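Asker: One structure, pasted below without further comment.
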Amino acid sequence: MEGFVYPENLEFGAFLSPMHPMGEDPTLQFERDLELAEHLDRLGYKEFWVGEHHSMGWNTIGSPELMVAAAASRTSRITLATGVTTLPYHHPFMVASRAVHLDHLTRGRFVLGVGAGGIPTDARMIGREMSELRGAFGEALEVVVALVNGEERVTRKTSWFTLRDAKLQLSPYGPEGLEIAAASVASGNSMRLAGRHGISTVSFGAPRPGHPRPDMHTQWAYAEESAAEHGKSVDRKNWRITLPVYVAESREQALRDVRAGYDRWAYGYWGGIRGLDVSVAGVDRAQALEGAIEAGSVLVGSVDDVIGGIQRLREEVGGFGTLLVYAQDWADWDKTKRSYDLLARHVAPHFSGSTKRLYEAVSWYQDNRDLFPQLIP
């Protein structure tokens, strides 16, 4: 393959928010979500993240910790993560306690992903104002980090939780501690908090339809600047970026597979249910999918198309450690599994270098054929 370049290692995983259109039995949805975890584990994906939501119909998982525990019993290699546990909705001591317990149940295959929350109806039902969430997230995160990976007892009193000489009975499973990752959607708040505490980060690279992709290069700068200010460090290899990704045998096939599902997600969920403006100036609804591909907010196409999109993303942001496929029901289940298969078999090797020696073996033979007599059949 002429001109083939092997970049530094990039890992792959999936981020299950979830985003399941209504109408399907939720029990069977949960079963399919766990089947996805098993499928990714067999294919060698590094991570599987599960979100927490309590309303809006499409978001059916209220306890990602339970899904992680169930997935742990069905998998053997893949790292499992909450994507994310919404800290302002829980007492931080209970979050820390459940996280360390899961760390043991998974034998160190757990990452505690945390965030502030972003669905207004979730917050309203438990008496939270959206304007409170960022501040509450910062208060809780400081305590969770100290409880999970610290040794000192914690005493803290805020307007919504109290801790008195608190310390977990269990230490994390491994001597390196339990990885904690803060999720960022658009603002720099979570990235600054991640830098302040020296923890990992997850950036949502897919905005809602009709909006430009967040400036993730600047987001990472927020994390680095905050880390330096507080005497901590952050590493790009612990930075995850989520994007919807769909791979098919050709670009035309990929577009056919997901067009109806993308339209249902963009105009049915975001536009219809959430009531948000998802239009793009100068882009007709029938071409909305192509517009999203052109903007780089989704990666849909052939193997080569997706490889190119990932390369452009890496150049844009300056490098990151893991690409999390933002799981969507844009195509039917069999085609969705096929997409993950193509990604693992044909896209990921370009970034992991797993096929490098095979190409080198062929190249060496071609350069040295004169050393071998031609065999005549």
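In the structure tokens, the first chain shown is A, the next is B, and so on; residue numbers restart at 1 for each chain, and ligands run from 1 in the order shown.
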Which of stretch 5-150 of chain A counts as strand (DSSP E) under DSSP, as number ranges by chain please?
Answerer: A: 11-16, 47-50, 79-82, 85-86, 110-115
Asker: Measuring atom to atom with only C-alpha atoms, identify which of A:Val185, A:Val202, A:Leu168, A:Val303 is nearest to A:Leu112.
Answerer: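 Selected residue with least distance to A:Leu112: A:Val202.
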Asker: When you look at stretch 126-134 of chain A with a cut-off of 7 Å (counting only C-alpha atoms), what residues show up, excluding the ones that are within fewer than 4 positions of it in the same chain? I need them as a list in words.
Answerer: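 Listing them by chain and then by number gives Pro88, Ala116, Gly117, Pro120 and Gly138 of chain A.
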Asker: From the options A:Gly198, A:Gly268, A:Gly205, A:Pro21, which residue's atoms come nearest to A:Arg314, counting only C-alpha atoms?
Answerer: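 Among A:Gly198, A:Gly268, A:Gly205, A:Pro21, it is A:Gly205 that comes nearest to A:Arg314.
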Asker: Just list the residues in stretch 285-332 of chain A DSSP gives alpha helix (DSSP H) on the backbone, as a list in words.
Answerer: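 Reading the DSSP output for stretch 285-332 of chain A, alpha helix (DSSP H) covers Ala288, Leu289, Glu290, Gly291, Ala292, Ile293, Glu294, Ala295, Val303, Asp304, Asp305, Val306, Ile307, Gly308, Gly309, Ile310, Gln311, Arg312, Leu313, Arg314, Glu315, Glu316 and Val317 of chain A.
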Asker: For A:Lys157, which residue among A:Arg256, A:Arg264, A:Arg345, A:His91 is the nearest when counting only C-alpha atoms?
Answerer: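 Of A:Arg256, A:Arg264, A:Arg345, A:His91, the one nearest A:Lys157 is A:His91, counting only C-alpha atoms.
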Asker: One number please: atom CA of A:Leu358 to atom CA of A:Tyr45, in Å, one decimal.
Answerer: 21.3 Å
Asker: From the list A:Glu142, A:Glu11, A:Glu52, A:Glu35, which residue is nearest A:Thr79 when using only C-alpha atoms?
Answerer: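 Among A:Glu142, A:Glu11, A:Glu52, A:Glu35, it is A:Glu11 that comes nearest to A:Thr79.
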Asker: Taking only C-alpha atoms into account, which of A:Trp160, A:Val247, A:Ala71, A:Asp341 comes nearest A:Glu31?
Answerer: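 The closest residue to A:Glu31 is A:Ala71.
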Asker: Tell me which of A:Pro244, A:Gly308, A:Pro214, A:Pro209 sits closest to A:Val278, counting only C-alpha atoms.
Answerer: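 That would be A:Pro209, the residue with the smallest distance to A:Val278.
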Asker: Suppose you want the space between atom CA of A:Ser63 and atom CA of A:Gly83; what is it in Å?
Answerer: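 Answer for the atom CA of A:Ser63 to atom CA of A:Gly83 separation: 10.5 Å.
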